[in-house]
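K.L.:
First the structure, then my questions, so here it is.
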Protein chains: 4
Amino acid sequence: MKRKTQYKTKELSHTTQIRVRFVETDPLGIVWHGNYIQYFEDGREAFGRHHGISYLDQKKHGYATPIVKSGTDHKLPLRYGDIATVKTIYVDSPAAKIVFRYEIYDQQERLVCTGETVQVFVDNMGEGDLSLVIPQFFMDWKKKAGLADD
Amino acid sequence: MKRKTQYKTKELSHTTQIRVRFVETDPLGIVWHGNYIQYFEDGREAFGRHHGISYLDQKKHGYATPIVKSGTDHKLPLRYGDIATVKTIYVDSPAAKIVFRYEIYDQQERLVCTGETVQVFVDNMGEGDLSLVIPQFFMDWKKKAGLADD
Amino acid sequence: MKRKTQYKTKELSHTTQIRVRFVETDPLGIVWHGNYIQYFEDGREAFGRHHGISYLDQKKHGYATPIVKSGTDHKLPLRYGDIATVKTIYVDSPAAKIVFRYEIYDQQERLVCTGETVQVFVDNMGEGDLSLVIPQFFMDWKKKAGLADD
Amino acid sequence: MKRKTQYKTKELSHTTQIRVRFVETDPLGIVWHGNYIQYFEDGREAFGRHHGISYLDQKKHGYATPIVKSGTDHKLPLRYGDIATVKTIYVDSPAAKIVFRYEIYDQQERLVCTGETVQVFVDNMGEGDLSLVIPQFFMDWKKKAGLADD
């Protein structure tokens, strides 16, 4: 999770809220750990809508960005009815990948879970080849977002 | 759920087993009701593999068969670790639809849930039009399965 | 779905919005049919929070209200990114059950799915017996909501 | 993921098969990444049943073992209908935690995903305190499994 400092001109993040569903909790009364992957995706999608780099934006340019790596760290449980805050932080990288970090907080603003995902670029809507360079549409987005020099 | 008797020359069914996963149970310790829809699909897919009329067989002929109606009746709960038996029964119909009934039993052979789904035929892999007549590939399957006259 | 007319003094409903998640769509690009059961639950939970009769309210009185029957009718598909409106309508019944009807609309206000669920009352937090009469806390709620006479 | 060598007298692993469900695939036609967490759990549960240390065995002793950390590495996609092999490897640790590694292979025996989970011991069925020492029932299991000295 190293960042090439010269690329990073500002941190881009977005915060969204999720409400824990009944179906997301297990017999212990807490959110099943696998559902945090979904919460990360909720955060990432909200980030994408807010910052103009959603799945649908990527698709328009012919790219899919499958997840190749994910990690979660669970500190506290969430329970049914909790309203949690998901902070999604774009971690700039000079490589042809998209890295996000996540922080999930409960109503008492305690950190309950952190995590990370790494995505790559595959052209032809995911049917094609792994892109070894950052696609043009993503470079354009980075420039627009103040994350890369012109 | 009427059947045109002259079409029905035999009942086609298939039985498969599912094991209740931890994630499928809720804070009450029982299977969340929405998961029975998945168990029905597990049964329907096992039926399709066994009788040669699976999603992939349909796709090969350019058809998708989306579900337009479903129903569940819950009599007893299932719990974590239970091994349930799903009986999937093809209900023959002269209309351009696929009707299945389901019976789910627990280890003590008690009926825990029944249900039904209705599917229609949409050509062009689901991007096209609703088929008002039974597609040829499905008529062929029915004949092969002894459900329709030559 | 008959209603004893003398009990019904007004219709109780609640409307909430859901956003279709990527994970809820299938290889055909549409919402997998089983997820509508979840959308119904989203609607029912929003109704419960709004009208003071949620799972947690029921739990406080020692009752669980498992679903014993559900049904869906699919008219149009929903796709990734769609924002749908779930209207949850309480259908008053003189019997010891809770009946809800659901109507889901897309952004163009087209009806995409309807459905129904039936719940019963089980005391001792779902570990006990099926209640054959309407529990006191639910009668109190009905009165407060204007659905039953004092 | 260091192992205290003197504790490790043999590697304990278990292999199970899973069939990719329709609902587990996404609009790109591949398994949604979050479902691998479920496949890991499928593998871990099969390991637990085989080696006598399942959720229900733990529960009998009053312990829950929530997941505090997970990670996935995706190398190749899985698609609908694929039958994958999940190898679950118990990684012995002198600490009061349970560490598993996972390897998922497709039908062509290609490695599609690896991962890891870390669990801790919480007494009183997960309502109590984090156990800082290995509970007796787990020490007994380790001895029986040949993973610890008498």
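Residues in the structure tokens are named by chain (A, B, ... in the order shown) and by number from 1 within that chain; ligands are numbered from 1 in the order shown.
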Skip Gly81 in chain C itself and residues of its chain fewer than 2 positions away, then list as a list in words all residues within 9 Å of it, counting only C-alpha atoms.
P.N.:
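Listing them by chain and then by number gives Leu56 of chain A; Arg19, Val20, Arg21, Phe22, Leu78, Arg79 and Ile83 of chain C.
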K.L.:
As number ranges by chain, could you give me every residue of chain A near chain D (at most 12 Å apart, counting only C-alpha atoms)?
P.N.:
A: 26-41, 55-56, 59, 63-77, 112-120, 122, 124-128, 130
K.L.:
Let's see if you can do this: from backbone DSSP, list all alpha helix (DSSP H) residues in chain C, as an NGL selection string.
P.N.:
:C and (35-51 or 55-60 or 136-144)
K.L.:
Find, counting only C-alpha atoms, the residue in C:Gly52, C:Ile18, C:His61, C:Gly43 that gets nearest to Glu103 in chain C.
P.N.:
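Closest to Glu103 in chain C of all the choices is C:Gly43.
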K.L.:
Can you tell me, as a ChimeraX atom specification, which residues in range 53-122 of chain B count as strand (DSSP E) by DSSP?
P.N.:
/B:67-74,83-91,97-105,111-120
K.L.:
Between D:Thr15, D:Asp129, D:Tyr80, D:Asp57, which residue has the minimum interatomic distance to Tyr105 in chain D, considering only C-alpha atoms?
P.N.:
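Of D:Thr15, D:Asp129, D:Tyr80, D:Asp57, the one nearest Tyr105 in chain D, counting only C-alpha atoms, is D:Thr15.
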K.L.:
Within 9 Å of Ala46 in chain D, counting only C-alpha atoms, which residues show up once you throw out same-chain ones fewer than 3 positions away? Write them as JSON, numbers by chain, please.
P.N.:
{"D": [14, 15, 16, 41, 42, 43, 49, 50, 51, 54, 88]}
K.L.:
Just give me the gap between CA of Glu45 in chain C and CA of Gln17 in chain A in Å, one decimal is fine.
P.N.:
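Pair CA of Glu45 in chain C / CA of Gln17 in chain A returns 16.8 Å.
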K.L.:
Could you name the residues that touch Glu109 in chain A at 10 Å or less, counting only C-alpha atoms, but leaving out those on the same chain fewer than 4 positions away, as a list in words?
P.N.:
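Within the cut-off, the hits are Ala84, Thr85, Ile104 and Tyr105 of chain A.
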K.L.:
For the residues in that selection, give me all heavy atoms as a short mmCIF file (atom, residue, chain, number, x, y, z; two decimals), in the first residue's frame.
P.N.:
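Produced file result17.cif, reproduced below:
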```cif
data_model
loop_
_atom_site.label_atom_id
_atom_site.label_comp_id
_atom_site.auth_asym_id
_atom_site.auth_seq_id
_atom_site.Cartn_x
_atom_site.Cartn_y
_atom_site.Cartn_z
N ALA A 84 -24.40 2.40 9.95
CA ALA A 84 -22.94 2.52 9.92
C ALA A 84 -22.52 3.51 8.86
O ALA A 84 -23.25 3.76 7.89
CB ALA A 84 -22.32 1.16 9.66
N THR A 85 -21.37 4.09 9.07
CA THR A 85 -20.80 5.03 8.11
C THR A 85 -19.62 4.36 7.41
O THR A 85 -18.73 3.84 8.07
CB THR A 85 -20.32 6.29 8.85
OG1 THR A 85 -21.46 6.87 9.50
CG2 THR A 85 -19.70 7.29 7.89
N ILE A 104 -15.13 1.63 8.37
CA ILE A 104 -16.54 1.59 8.74
C ILE A 104 -16.67 1.94 10.22
O ILE A 104 -15.95 1.40 11.06
CB ILE A 104 -17.16 0.21 8.44
CG1 ILE A 104 -16.99 -0.12 6.94
CG2 ILE A 104 -18.62 0.17 8.85
CD1 ILE A 104 -17.64 -1.42 6.50
N TYR A 105 -17.57 2.88 10.50
CA TYR A 105 -17.80 3.36 11.86
C TYR A 105 -19.24 3.08 12.28
O TYR A 105 -20.14 3.12 11.45
CB TYR A 105 -17.57 4.88 11.93
CG TYR A 105 -16.15 5.28 11.61
CD1 TYR A 105 -15.74 5.52 10.30
CD2 TYR A 105 -15.20 5.39 12.63
CE1 TYR A 105 -14.43 5.87 10.00
CE2 TYR A 105 -13.89 5.74 12.35
CZ TYR A 105 -13.51 5.97 11.03
OH TYR A 105 -12.21 6.32 10.75
#
```
K.L.:
Mind giving me the straight-line distance from CA of Ser13 in chain D to CA of Tyr90 in chain D in Å, one decimal?
P.N.:
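Separating CA of Ser13 in chain D from CA of Tyr90 in chain D is a distance of 5.9 Å.
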